[in-house]
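Asker: Take a look at this one; I'll ask things after.
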Amino acid sequence: MMADFVTGRWSAELEDLFLRVSGRFGRVEVRRRMRDYVRGLLGPVGRKNSWQLAEYAGHNGPYGLQHLLSRSRWDPDEIRDDVQEYVAQRLGAPDGVLIVDDTGFLKKGVVSAGVQRQYSGTAGRTENCQIGVFAAYASGRGRALVDRELYLPKSWTSDEDRCRAARIPADRGFATKGELAHTLVLRIAWVTADSLYGQEWRFRHLLEQAQVGYVLAVPKSQQIKSLLGVWRIDQLIDDAPADAWQQLSAGDGAKGPRVYDWAAARPPVNIVFDPDPPTHERWVLARRSLKRPDEIAYYLAYAPVGTTVAKLVAVAGSRWAIEECFQAAKGQCGLDEYEVRRYPGWYRHITLAMLAHAFLAAMTADAVEKGAAETTQPTWPRSPWRRSGACWQLSAPAPRTSVSAH
């Protein structure tokens, strides 16, 4: 793909993309630097920092590109909006899903905005790092990053002098990762995320208020509360009858369709809070490995009335796409290779890297549609489990599985 870009096959598309965003930059020299920066992110540059990008662009030094990220006048949120519009036009499809996740950026020192020793899923351990909360859009046509927020720990938001030195806006207070994720998702029909976000009831409640469908992973200790009782989700799934499980594909992986056993049931309608008749339904889902049946993942879902289990499974299975986006954006577009320290510079570099990644995603979608990389997509004793037509529903909890609400 990079060879195609270098030899100019995609030149016209890239020029159209530059034209789309050029109005966000008031001065000609800033527009030129933006173009050079993005071309460098797409090009064969060893490490995509200002020094090497400037050398690739033929600049005398890195100062022009550093000024682009630090002091020049342009709003990265406007470019983000352009990225979202571009991705919607090029990758938008009825099966589109928004995926929320965070990724870590390893850093040295204590000056970079938001940096501290904290757990990074990227590293798999506690490291000195920054954490970014991202949203990716994925459909049958492709996937791309479309939004981002920098997580600021309380050690930062409680220190006004430290925030001022990093040029963090004075009105930027502490927000949990779930609260940051909420700001990313309200215009999307479907959302999926891992258990860090799924276990936050406020996040789920805000999505339900906005009538945004979701399939969110939750820990095995998650409580399911209804007017009929309270269940712990792993104990509830233990009570599922054998014929409640069905084999479904969660989408293609590197080795073909990812087939698992799935069990799904609808808890009773909450007649106190839900409209009558309800427009959406809540679900409890579980995914069980075929080879290792003791490996079970758990989900809560909220979906328009009439949604099939196969659709919920397809949404749950799309979450892997954001990991692919992180890998591609870091490996091909330098998402993690910035050397800026201040808050505005982080947003500017990350947003331009997202712009570059969206371009690659659109070009990949074009290649697939033209047949260059065609692939075939998969077709999508006392127990509380009761069959209702083609679906399973939950009635009253068995005494063994009831737990305290406290």
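As shown in the structure tokens, the chain order sets the letters A, B, ...; within each chain, residues go from 1, and ligands are also counted from 1 in the order they appear.
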Could you build a table of the residues in stretch 292-334 of chain A lying no more than 10 Å from stretch 256-261 of chain A, giving for each the nearest pair of atoms and their separation in Å rounded to one decimal place, using only C-alpha atoms, ordered by chain and ascending residue number, as CSV?
Answerer:
```
residue,atom,partner,partner_atom,distance
A:Pro293,CA,A:Asp261,CA,8.7
A:Ile296,CA,A:Asp261,CA,9.3
A:Val313,CA,A:Tyr260,CA,9.7
A:Gly317,CA,A:Arg258,CA,8.4
```
Asker: Residues of stretch 83-130 of chain A classed as alpha helix (DSSP H) by DSSP on the backbone are to be reported as a list in words.
Answerer: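 Reading the DSSP output for stretch 83-130 of chain A, alpha helix (DSSP H) covers Val83, Gln84, Glu85, Tyr86, Val87, Ala88, Gln89, Arg90 and Leu91 of chain A.
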Asker: Keeping C-alpha atoms, export the residues of the selection given above as an mmCIF file, in the first residue's frame.
Answerer:
```cif
data_model
loop_
_atom_site.group_PDB
_atom_site.id
_atom_site.type_symbol
_atom_site.label_atom_id
_atom_site.label_comp_id
_atom_site.auth_asym_id
_atom_site.auth_seq_id
_atom_site.Cartn_x
_atom_site.Cartn_y
_atom_site.Cartn_z
ATOM 1 C CA VAL A 83 -11.981 13.009 9.563
ATOM 2 C CA GLN A 84 -15.363 11.804 10.844
ATOM 3 C CA GLU A 85 -17.158 13.163 7.775
ATOM 4 C CA TYR A 86 -14.561 11.616 5.460
ATOM 5 C CA VAL A 87 -14.778 8.215 7.181
ATOM 6 C CA ALA A 88 -18.591 8.338 7.111
ATOM 7 C CA GLN A 89 -18.554 9.015 3.369
ATOM 8 C CA ARG A 90 -15.902 6.457 2.476
ATOM 9 C CA LEU A 91 -16.579 3.675 5.006
#
```
Asker: Just asking: which residues within stretch 60-241 of chain A are strand (DSSP E) according to DSSP, as a PDB file with C-alpha atoms, in the first residue's frame?
Answerer:
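Output file states13.pdb follows:
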```
ATOM      1  CA  VAL A  97     -20.272   0.202  14.842  1.00  0.00           C
ATOM      2  CA  LEU A  98     -18.368   2.608  17.087  1.00  0.00           C
ATOM      3  CA  ILE A  99     -15.705   0.881  19.210  1.00  0.00           C
ATOM      4  CA  VAL A 100     -14.278   2.539  22.316  1.00  0.00           C
ATOM      5  CA  ASP A 101     -10.941   1.600  23.855  1.00  0.00           C
ATOM      6  CA  ASP A 102      -7.808   3.186  25.246  1.00  0.00           C
ATOM      7  CA  THR A 103      -4.161   2.770  24.356  1.00  0.00           C
ATOM      8  CA  GLY A 104      -0.967   3.724  26.135  1.00  0.00           C
ATOM      9  CA  PHE A 105       1.951   5.835  24.951  1.00  0.00           C
ATOM     10  CA  LEU A 106       5.149   5.100  26.859  1.00  0.00           C
ATOM     11  CA  GLN A 116       2.257   9.207  35.230  1.00  0.00           C
ATOM     12  CA  ARG A 117       2.880   5.608  36.255  1.00  0.00           C
ATOM     13  CA  GLN A 118      -0.399   3.889  35.376  1.00  0.00           C
ATOM     14  CA  TYR A 119      -1.588   0.639  33.893  1.00  0.00           C
ATOM     15  CA  SER A 120      -1.231   0.417  30.130  1.00  0.00           C
ATOM     16  CA  ARG A 125       1.731  -3.636  32.943  1.00  0.00           C
ATOM     17  CA  THR A 126       2.099  -0.409  34.915  1.00  0.00           C
ATOM     18  CA  GLU A 127       4.418   1.983  33.107  1.00  0.00           C
ATOM     19  CA  ASN A 128       5.207   5.676  32.928  1.00  0.00           C
ATOM     20  CA  CYS A 129       2.861   6.617  30.116  1.00  0.00           C
ATOM     21  CA  GLN A 130       0.066   8.713  28.711  1.00  0.00           C
ATOM     22  CA  ILE A 131      -3.339   7.138  28.065  1.00  0.00           C
ATOM     23  CA  GLY A 132      -5.560   8.120  25.153  1.00  0.00           C
ATOM     24  CA  VAL A 133      -9.223   7.113  24.925  1.00  0.00           C
ATOM     25  CA  PHE A 134     -10.159   6.518  21.277  1.00  0.00           C
ATOM     26  CA  ALA A 135     -13.190   5.734  19.179  1.00  0.00           C
ATOM     27  CA  ALA A 136     -12.924   3.753  15.948  1.00  0.00           C
ATOM     28  CA  TYR A 137     -15.636   3.317  13.343  1.00  0.00           C
ATOM     29  CA  ALA A 138     -15.878  -0.134  11.776  1.00  0.00           C
ATOM     30  CA  SER A 139     -18.156  -1.434   9.044  1.00  0.00           C
ATOM     31  CA  GLY A 142     -13.288  -0.872   6.611  1.00  0.00           C
ATOM     32  CA  ARG A 143     -12.276   0.706   9.905  1.00  0.00           C
ATOM     33  CA  ALA A 144     -10.584   3.900  11.057  1.00  0.00           C
ATOM     34  CA  LEU A 145      -9.996   5.980  14.184  1.00  0.00           C
ATOM     35  CA  VAL A 146     -12.472   8.872  14.381  1.00  0.00           C
ATOM     36  CA  ASP A 147     -12.094  10.483  17.815  1.00  0.00           C
ATOM     37  CA  ARG A 148      -9.694  10.825  20.733  1.00  0.00           C
ATOM     38  CA  GLU A 149      -9.358  12.268  24.211  1.00  0.00           C
ATOM     39  CA  LEU A 150      -6.293  12.455  26.445  1.00  0.00           C
ATOM     40  CA  TRP A 190     -24.093   1.003  17.966  1.00  0.00           C
ATOM     41  CA  VAL A 191     -21.270   1.018  20.520  1.00  0.00           C
ATOM     42  CA  THR A 192     -19.053  -1.775  21.809  1.00  0.00           C
ATOM     43  CA  ALA A 193     -16.246  -1.663  24.366  1.00  0.00           C
ATOM     44  CA  GLY A 213     -27.479   0.549  21.118  1.00  0.00           C
ATOM     45  CA  TYR A 214     -24.559  -1.199  22.793  1.00  0.00           C
ATOM     46  CA  VAL A 215     -22.897  -4.550  23.397  1.00  0.00           C
ATOM     47  CA  LEU A 216     -20.436  -4.052  26.257  1.00  0.00           C
ATOM     48  CA  ALA A 217     -18.158  -6.614  27.883  1.00  0.00           C
ATOM     49  CA  VAL A 218     -18.520  -6.912  31.671  1.00  0.00           C
ATOM     50  CA  GLN A 223     -24.767  -8.000  38.814  1.00  0.00           C
ATOM     51  CA  ILE A 224     -27.958  -8.143  36.745  1.00  0.00           C
ATOM     52  CA  LYS A 225     -30.758  -6.358  38.575  1.00  0.00           C
ATOM     53  CA  SER A 226     -34.455  -6.469  37.740  1.00  0.00           C
ATOM     54  CA  GLY A 229     -34.463 -10.241  41.531  1.00  0.00           C
ATOM     55  CA  VAL A 230     -30.710  -9.922  41.265  1.00  0.00           C
ATOM     56  CA  TRP A 231     -28.323 -12.312  39.558  1.00  0.00           C
ATOM     57  CA  ARG A 232     -24.564 -12.472  39.262  1.00  0.00           C
TER      58      ARG A 232
END
```
Asker: What does the distance between atom CA of A:Asp82 and atom CA of A:Arg24 come to in Å, to one decimal place?
Answerer: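 Distance reported for this atom pair: 9.6 Å.
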Asker: Compile the contact shell of stretch 336-344 of chain A as a PDB file with N, CA and C atoms, in the first residue's frame: residues with an atom at most 10 Å away, counting only C-alpha atoms, same-chain residues fewer than 4 positions apart removed.
Answerer:
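What follows is the written file selection.pdb:
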```pdb
ATOM      1  N   LEU A  41       3.982  11.277   7.506  1.00  0.00           N
ATOM      2  CA  LEU A  41       3.356  10.201   8.280  1.00  0.00           C
ATOM      3  C   LEU A  41       3.011   9.013   7.397  1.00  0.00           C
ATOM      4  N   ARG A  47      11.457   6.986  11.984  1.00  0.00           N
ATOM      5  CA  ARG A  47      10.708   7.358  13.189  1.00  0.00           C
ATOM      6  C   ARG A  47      10.031   8.678  12.907  1.00  0.00           C
ATOM      7  N   LYS A  48       8.729   8.722  13.061  1.00  0.00           N
ATOM      8  CA  LYS A  48       7.962   9.856  12.545  1.00  0.00           C
ATOM      9  C   LYS A  48       7.817  10.967  13.581  1.00  0.00           C
ATOM     10  N   ASN A  49       8.986  11.542  13.941  1.00  0.00           N
ATOM     11  CA  ASN A  49       9.002  12.731  14.780  1.00  0.00           C
ATOM     12  C   ASN A  49       9.323  13.940  13.908  1.00  0.00           C
ATOM     13  N   SER A  50       9.300  15.121  14.495  1.00  0.00           N
ATOM     14  CA  SER A  50       9.467  16.343  13.701  1.00  0.00           C
ATOM     15  C   SER A  50      10.807  16.390  12.969  1.00  0.00           C
ATOM     16  N   TRP A  51      11.867  15.889  13.584  1.00  0.00           N
ATOM     17  CA  TRP A  51      13.177  15.928  12.939  1.00  0.00           C
ATOM     18  C   TRP A  51      13.195  15.086  11.668  1.00  0.00           C
ATOM     19  N   GLN A  66       7.545  21.728  14.138  1.00  0.00           N
ATOM     20  CA  GLN A  66       7.307  21.868  15.570  1.00  0.00           C
ATOM     21  C   GLN A  66       6.350  23.024  15.846  1.00  0.00           C
ATOM     22  N   LEU A  69       2.739  22.077  15.361  1.00  0.00           N
ATOM     23  CA  LEU A  69       2.129  21.341  16.470  1.00  0.00           C
ATOM     24  C   LEU A  69       1.975  22.172  17.727  1.00  0.00           C
ATOM     25  N   SER A  70       2.712  23.263  17.836  1.00  0.00           N
ATOM     26  CA  SER A  70       2.741  23.971  19.109  1.00  0.00           C
ATOM     27  C   SER A  70       2.059  25.335  19.078  1.00  0.00           C
ATOM     28  N   ARG A  71       2.456  26.214  18.160  1.00  0.00           N
ATOM     29  CA  ARG A  71       2.035  27.612  18.271  1.00  0.00           C
ATOM     30  C   ARG A  71       1.189  28.124  17.112  1.00  0.00           C
ATOM     31  N   ASP A  75      -7.411  24.569  14.783  1.00  0.00           N
ATOM     32  CA  ASP A  75      -8.142  23.817  15.794  1.00  0.00           C
ATOM     33  C   ASP A  75      -8.184  22.338  15.407  1.00  0.00           C
ATOM     34  N   PRO A  76      -7.521  21.473  16.154  1.00  0.00           N
ATOM     35  CA  PRO A  76      -7.529  20.042  15.786  1.00  0.00           C
ATOM     36  C   PRO A  76      -8.913  19.414  15.865  1.00  0.00           C
ATOM     37  N   THR A 103      -5.492   3.292  24.674  1.00  0.00           N
ATOM     38  CA  THR A 103      -4.161   2.770  24.356  1.00  0.00           C
ATOM     39  C   THR A 103      -3.130   3.631  25.054  1.00  0.00           C
ATOM     40  N   GLY A 104      -2.010   3.016  25.403  1.00  0.00           N
ATOM     41  CA  GLY A 104      -0.967   3.724  26.135  1.00  0.00           C
ATOM     42  C   GLY A 104       0.154   4.188  25.226  1.00  0.00           C
ATOM     43  N   PHE A 105       0.797   5.282  25.653  1.00  0.00           N
ATOM     44  CA  PHE A 105       1.951   5.835  24.951  1.00  0.00           C
ATOM     45  C   PHE A 105       3.070   5.968  25.976  1.00  0.00           C
ATOM     46  N   LEU A 106       4.061   5.100  25.887  1.00  0.00           N
ATOM     47  CA  LEU A 106       5.149   5.100  26.859  1.00  0.00           C
ATOM     48  C   LEU A 106       5.957   6.376  26.747  1.00  0.00           C
ATOM     49  N   LYS A 107       6.229   7.012  27.894  1.00  0.00           N
ATOM     50  CA  LYS A 107       6.958   8.277  27.917  1.00  0.00           C
ATOM     51  C   LYS A 107       7.932   8.282  29.085  1.00  0.00           C
ATOM     52  N   VAL A 110       8.280  13.448  33.650  1.00  0.00           N
ATOM     53  CA  VAL A 110       7.009  13.800  34.293  1.00  0.00           C
ATOM     54  C   VAL A 110       6.384  15.038  33.675  1.00  0.00           C
ATOM     55  N   VAL A 111       6.890  15.494  32.528  1.00  0.00           N
ATOM     56  CA  VAL A 111       6.449  16.760  31.958  1.00  0.00           C
ATOM     57  C   VAL A 111       5.324  16.587  30.948  1.00  0.00           C
ATOM     58  N   SER A 112       5.325  15.531  30.150  1.00  0.00           N
ATOM     59  CA  SER A 112       4.315  15.343  29.111  1.00  0.00           C
ATOM     60  C   SER A 112       2.912  15.329  29.722  1.00  0.00           C
ATOM     61  N   ALA A 113       1.985  16.035  29.098  1.00  0.00           N
ATOM     62  CA  ALA A 113       0.636  16.191  29.644  1.00  0.00           C
ATOM     63  C   ALA A 113      -0.010  14.838  29.932  1.00  0.00           C
ATOM     64  N   GLY A 114      -0.476  14.648  31.174  1.00  0.00           N
ATOM     65  CA  GLY A 114      -1.183  13.436  31.548  1.00  0.00           C
ATOM     66  C   GLY A 114      -0.311  12.250  31.899  1.00  0.00           C
ATOM     67  N   VAL A 115       1.004  12.399  31.828  1.00  0.00           N
ATOM     68  CA  VAL A 115       1.882  11.257  32.066  1.00  0.00           C
ATOM     69  C   VAL A 115       1.964  10.940  33.556  1.00  0.00           C
ATOM     70  N   LEU A 150      -7.418  12.768  25.575  1.00  0.00           N
ATOM     71  CA  LEU A 150      -6.293  12.455  26.445  1.00  0.00           C
ATOM     72  C   LEU A 150      -6.792  12.330  27.876  1.00  0.00           C
ATOM     73  N   CYS A 163      -0.693  21.933  35.206  1.00  0.00           N
ATOM     74  CA  CYS A 163      -1.572  22.015  34.034  1.00  0.00           C
ATOM     75  C   CYS A 163      -1.261  23.262  33.209  1.00  0.00           C
ATOM     76  N   ARG A 164      -1.010  24.369  33.884  1.00  0.00           N
ATOM     77  CA  ARG A 164      -0.709  25.614  33.165  1.00  0.00           C
ATOM     78  C   ARG A 164       0.575  25.464  32.354  1.00  0.00           C
ATOM     79  N   ALA A 165       1.587  24.828  32.920  1.00  0.00           N
ATOM     80  CA  ALA A 165       2.852  24.645  32.210  1.00  0.00           C
ATOM     81  C   ALA A 165       2.680  23.765  30.979  1.00  0.00           C
ATOM     82  N   ALA A 166       1.755  22.802  31.040  1.00  0.00           N
ATOM     83  CA  ALA A 166       1.508  21.904  29.906  1.00  0.00           C
ATOM     84  C   ALA A 166       0.445  22.450  28.963  1.00  0.00           C
ATOM     85  N   ARG A 167      -0.022  23.679  29.217  1.00  0.00           N
ATOM     86  CA  ARG A 167      -1.036  24.348  28.407  1.00  0.00           C
ATOM     87  C   ARG A 167      -2.347  23.545  28.340  1.00  0.00           C
ATOM     88  N   ILE A 168      -2.691  22.951  29.464  1.00  0.00           N
ATOM     89  CA  ILE A 168      -3.983  22.278  29.582  1.00  0.00           C
ATOM     90  C   ILE A 168      -5.034  23.339  29.901  1.00  0.00           C
ATOM     91  N   PRO A 169      -6.144  23.374  29.186  1.00  0.00           N
ATOM     92  CA  PRO A 169      -7.157  24.409  29.439  1.00  0.00           C
ATOM     93  C   PRO A 169      -7.612  24.415  30.891  1.00  0.00           C
ATOM     94  N   PHE A 326      -5.307   0.651  16.076  1.00  0.00           N
ATOM     95  CA  PHE A 326      -4.147   1.091  16.845  1.00  0.00           C
ATOM     96  C   PHE A 326      -2.857   0.579  16.205  1.00  0.00           C
ATOM     97  N   ALA A 329      -2.315   2.442  12.831  1.00  0.00           N
ATOM     98  CA  ALA A 329      -2.018   3.866  12.996  1.00  0.00           C
ATOM     99  C   ALA A 329      -0.653   4.079  13.639  1.00  0.00           C
ATOM    100  N   LYS A 330      -0.254   3.175  14.531  1.00  0.00           N
ATOM    101  CA  LYS A 330       1.069   3.279  15.134  1.00  0.00           C
ATOM    102  C   LYS A 330       2.151   2.790  14.172  1.00  0.00           C
ATOM    103  N   GLY A 331       1.907   1.665  13.524  1.00  0.00           N
ATOM    104  CA  GLY A 331       2.925   1.075  12.662  1.00  0.00           C
ATOM    105  C   GLY A 331       3.117   1.806  11.352  1.00  0.00           C
ATOM    106  N   ARG A 348      -2.855  17.738  18.318  1.00  0.00           N
ATOM    107  CA  ARG A 348      -2.543  18.064  16.924  1.00  0.00           C
ATOM    108  C   ARG A 348      -1.858  16.898  16.225  1.00  0.00           C
ATOM    109  N   HIS A 349      -0.856  16.320  16.870  1.00  0.00           N
ATOM    110  CA  HIS A 349      -0.186  15.175  16.234  1.00  0.00           C
ATOM    111  C   HIS A 349      -1.150  14.006  16.070  1.00  0.00           C
ATOM    112  N   ILE A 350      -1.872  13.664  17.145  1.00  0.00           N
ATOM    113  CA  ILE A 350      -2.768  12.513  17.092  1.00  0.00           C
ATOM    114  C   ILE A 350      -3.812  12.699  15.998  1.00  0.00           C
ATOM    115  N   ALA A 353      -2.325  12.226  12.572  1.00  0.00           N
ATOM    116  CA  ALA A 353      -2.087  10.793  12.356  1.00  0.00           C
ATOM    117  C   ALA A 353      -3.401  10.074  12.046  1.00  0.00           C
TER     118      ALA A 353
END
```
Asker: Contacts of A:Ala244 at 9 Å or less, counting only C-alpha atoms, minus same-chain residues fewer than 4 places along, as a PyMOL selection string?
Answerer: chain A and resi 240+262-265+385+387+391-392
Asker: Could you check which of A:Gln393, A:Ser11, A:Ser72, A:Gln222 is closest to A:Arg27, using only C-alpha atoms?
Answerer: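 The closest residue to A:Arg27 is A:Ser72.
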Asker: So the first atom is atom CA of A:Arg39 and the second is atom CA of A:Ala123; what is the distance between them in Å, to one decimal place?
Answerer: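 It comes out at 28.7 Å.
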